[in-house]
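Chemist: The structure under discussion is supplied below as structure tokens; questions concerning it will follow.
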Amino acid sequence: MSEIRFVDTTLRDGHLSLWALRMRIGHMLGAARQMDRCGFESMEFFGFASIIKQVRELKENPWDWVRLGVKQFSRTRLRYHGGIGSGFEPIPPCIRRLLLECVIAHGITLTRSSNPWNDYGVLAKELEFLGSRGMEVVGNIIYSVSPKHTNEYYERKTRELAALRPYRVCFKDVGGLLTPDRTREMLQLVMANVDDIPVEFHAHCNNSLAPFNYVEALKLGVKTLHTAIPPLANGSSQPSIFNVAANAEALGITPMVDLEAVKPVEEHFTRVARQENFPIGAPREYDYAQYLHQVPGGMISNLRFQLETVGMGDRLEETLEEAGRVREEYGYPIMVTPLAQFVGTQAAVNVMAGERYKEVTDQSIQYALGYWGEEGARLMDPEVKDKILSRPRAREWESWTWPEPTLDEVRQKFGGPGVSDEELVIRVVAGPDSVKEMLAAGAPREFLDATRPVSVLVKQLAAARELRQVHVQRGDLSLRLEQREA
């Protein structure tokens, strides 16, 4: 009987897609040790996007999560997510390299990385640097739908990536755009062009079809699928591990996961969702408009917020339609970070201004100048490009170059030699003032976790000064704690 293995995305992509990275370190630590018992082949654990969210909004140190979280895993290989070029902030390359070196120092030696244009000439430099530091890289091939994203395009791109000899190749459907027929066609194409490199499949449920697409992958003999644990599955996240494992068994394929061990994790995160009023991931209805604008699910909520802020919350659908037009005029970029943000934000500006390209973002100017990829500037609609670059602000950007200070220069600017490498990274990425506020907030808060031993649970309950009475009943066991005035 054949087997299927799983990469768990709950704490990274599931968390990002459904809860906007709002979970605290204590929430994640409460489930970490149990997650290590589930039998996942590996687990997405940490990514660049988490840093700003944790420091600026949650006032927590992301390195606390790395330091404390790594200790909870002895059986499951952990993954960083991203490479040197992750994100859309002009972070000095020396800091991006230092970030990866800090991650590797904590024992995380596997990452999954992309270039948003599927430009493997650029990605080759990442693989070379990371390989020299002991980091193995899963290289993404990102799926998209447009006149230029043809079968011939993906055959060529697959061969280009395979020539770099990554640890694995991951076929990634970030927009939830694949159908079962197209999944079958594309996976056969990828598997025929990767030589002997193992293939993973990563898909989002934005348009409800990812669970069906995983069945096609199982039939084709893909050996590794990316799934999440409810309530952080479905919605705009990955398919549920329970659903995919059940479908694998129905096909006579052995799912290499301990589903009984997964159940307490599901219960834990369901409690977190209820306590923090986080959404429960659920299957979505099919929406053909997704193929027209291709805006990722997580971005739609941000667009809605931008429009509501200026009293135009009823114009979201118009903005999504405009995003489809902007994407076409920008040369059909793949709607993935940072390109999706550039397209979506400019579409919102066009709608809010009442005239297309009356106002443009700095990122649109940079895009037209080729700072975010030569392909975008080359394929951009000439009339739109002229509108963007014919304004005074564009002339200011024409002479701009990517800043590449040395690590010593950055360190001198952000605190001097007394600042640790880890703190230097978050000072540059999130800002010194935000780091100062984060440090003033103290250590991460602990959260009650009923999956831990009773003695630990009682100790935590006793320390929760806001609770006056606690009654625990399980079978014949009855436990009552009461706080009395001194």
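To be explicit about the labels: the chains of the structure tokens are called A, B, and onward in the order shown, and within each one the residues are counted from 1, while ligands get numbers from 1 in the order they are shown.
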Among the residues of segment 42-154 of chain A, find those DSSP assigns to helix (DSSP H, G or I) from the backbone and print them as a ChimeraX atom specification.
Modeler: /A:48-57,62-70,93-105,120-132,151-154
Chemist: What's around Gly373 of chain A at 10 Å? Count only C-alpha atoms, leave out sequence neighbours fewer than 4 positions away in its own chain, and write the answer as a VMD selection string.
Modeler: chain A and resid 115 to 117 119 122 333 339 366 to 369 377 to 378
Chemist: Which residue is closest to Leu303 of chain A? Choose from A:Val349, A:Ile334, A:Ala441, A:Ala245 and count only C-alpha atoms.
Modeler: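 Between A:Val349, A:Ile334, A:Ala441, A:Ala245, the residue approaching Leu303 of chain A most closely is A:Val349.
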Chemist: Could you pull out the residues in segment 21-206 of chain A that DSSP calls strand (DSSP E or B) from the backbone, as a ChimeraX atom specification?
Modeler: /A:42-47,77-81,110-113,136-142,168-173,199-203
Chemist: Residues at most 12 Å from Met352 of chain A, counting only C-alpha atoms, excluding those fewer than 5 positions away in the same chain, as a count of residues only?
Modeler: 22
Chemist: Can you pull out every residue within 9 Å of Asn151 of chain A, counting only C-alpha atoms, but drop anything in the same chain fewer than 6 positions away, and send it as a PyMOL selection string?
Modeler: chain A and resi 185-186+189
Chemist: Compile the contact shell of Ile52 of chain A as a list of chain:residue names: residues with an atom at most 8 Å away, counting only C-alpha atoms, same-chain residues fewer than 5 positions apart removed.
Modeler: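 The residues that qualify are A:Glu57, A:Ile426, A:Val429, A:Ala430.
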